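Accompanying notes for the structure given below.
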Amino acid sequence: MTPHQELYDAQEKVNRLRADFPILNRPLVFGGKPRPLIYLDNAATSQKPRLVLDALTGYYENANANVHRAIHSLGEEATRVYEGARDRVKSFLNAGAREEIIFTKGTTESINLVAQSFSKLLKAGDEIIATEMEHHANLVPWQMAAEQYGLKLKFLPITDEGVLLTDKLEELWSDRVKLVAVSAMSNVLGTINPVERIIEFCHARGVPVLLDGAQSVPHMKVDVQKLDCDFLAFSSHKMCGPTGFGVLYGKKEWLKKMPPYQGGGDMIRSVWLETYEANTLPYKFEAGTPHMEGAAGLHAALDYLDAVGMDWIHRYEQLLLAYTMEKLVTISGVHIYGTAPGKGGIISFLLKGIHAHDLSAYLDSRGIAVRAGHHCAHPLARRLGVVSTARASFYFYNTVEEADAFVLAVHDAADRL
Amino acid sequence: MAFDELYQEIIRDHYKNPRNKKPLTHLKAVENPSCGDSVKVQLEGDSQQIKTVFFDGSGCSISMCSASMMSELLTGKTVPEAKLIVQQFLQVIRGEQPADTLDELGDVAALKGVIDLPVRVKCATLAWHAVEQALEKA
């Protein structure tokens, strides 16, 4: 059994899956000669299989009408699509009730919803704990809420390797702490945080936990009842679904107490000129005409992912990451940011003396799509002592050949730049 | 546009051997916070004539070599001449004037490739915005 045998054996399945993704089979032509697309920017967004694309157009070709109270048959069909997607998300997450699945524009809106609405239950001087590694989506909404409601923000630190110092929770704790918001998996470091431990600690003290699942939900099985998280936010577009659509999972006990986030149609039961009566869950938090084809697309994406197998996806990415890291670290001058044990398939890196933009431009000339910058985590970048890094991030449709091409290109970049 | 078109020898040369670069710690930088490119420009001369353009900064090769090329080009020019050249450069990079206009500007012509790469336009123009500010104060 050669090392990486399991990875090589998996290539047959991976290549079969790649055929489902039209965009993976088109060459890159923007700027320069056509070259095969090696898409390694999955942490930014994922590609879509034909099943999802068909669901998007299929919705408009077959079932399009406004949802919920149309009375006419087509409206019923559209409602079935939209509510059917809700049931599908519930089963995907193993949530306890469909009232706990709120559809939003994405992770960012989901977290803004909680930050705004939950904070209305708090008093000035109450505290929220987040971490140094958060994406701006799980940082700025809390900063805004803190300013608006007089809350205090505290932050769990990380080690230089990108490991969250969860032991510091004890030190940061006070009886004013009302919520802990933490990323389940870092979009820069790849660190998969020990959220079960954090949730246990917080629940023992009666405090809820919000998880930013933007990077975790697409890449591993997530069971919200087992995790016992109070809130979980994630986006459709990072898991083979369409953009502009996402989910906030929230325990009923919290969502019932929280006031509505946006006002408008659908989130009401009755309205008079001066007042309104909010609707029941989940509609209370879904104002306006929803993104119906978004729901259809996400439903198809979840079906696709379950057919591929979430546990298989996680395992495959671990194998591909280990393979790539083994080769990458042999390149002289390479620096990897984020080396936490058991991390996910994200590699943020730099080559000594080379700016991340130049590195990424070179990789692009070789057909390799990576991202350069602070990756929407400015405080984390400062903590790591960098301004911008290059980031390669895998998904289950990336191959060993692509990993090889990536490593070779990084190696060559050292000479070319 | 091909990587090679943008990252020619001239660009690499200016990046590795910047002209007129020296520490300018007392000055405030013009920056691009999203990528960390940062440039400071100091004009030596009087209100009519530039003796030397100095710059300081750090960032990607496009931003730094553009700064170096700018300093070389504008050194020794009169203030009105320099202001004209700056406007010319910015207009070409923004696509408002034909790319070949840069051919008269020496090494700067090597930056023509940036026009097709909106993402690097900020890198290329950073130093020119900095010198534009300095020229206003001259």
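Identifiers in this document derive from the order of the structure tokens: chains are assigned A, B, ..., residues are numbered from 1 separately in each chain, and ligands are numbered from 1 in order of occurrence.
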
(request) Specify as JSON, numbers by chain all residues of chain A found within 8 Å of chain B, counting only C-alpha atoms. (result) {"A": [30, 31, 32, 33, 354, 355, 356, 357, 358, 361, 362, 365, 372, 373, 374, 387, 388, 417]}

(request) Please run DSSP on the backbone and report, as JSON, numbers by chain, all residues within stretch 75-316 of chain A that come out as strand (DSSP E). (result) {"A": [101, 102, 103, 104, 127, 128, 129, 130, 131, 152, 153, 154, 155, 156, 177, 178, 179, 180, 181, 182, 183, 209, 210, 211, 212, 231, 232, 233, 234, 235, 246, 247, 248, 249, 250, 268, 269, 270, 271, 276, 277, 278]}

(request) Can you pull out every residue within 10 Å of B:Arg94, counting only C-alpha atoms, but drop anything in the same chain fewer than 6 positions away, and send it as a list of chain:residue names? (result) B:Gln88, B:Val114, B:Ile115, B:Asp116, B:Pro118, B:Val121, B:Thr125

(message) Given only C-alpha atoms as the basis, pick out the residue of B:Thr101, B:Glu132, B:Met69, B:Val30 nearest to B:Val86.
(response) B:Glu132
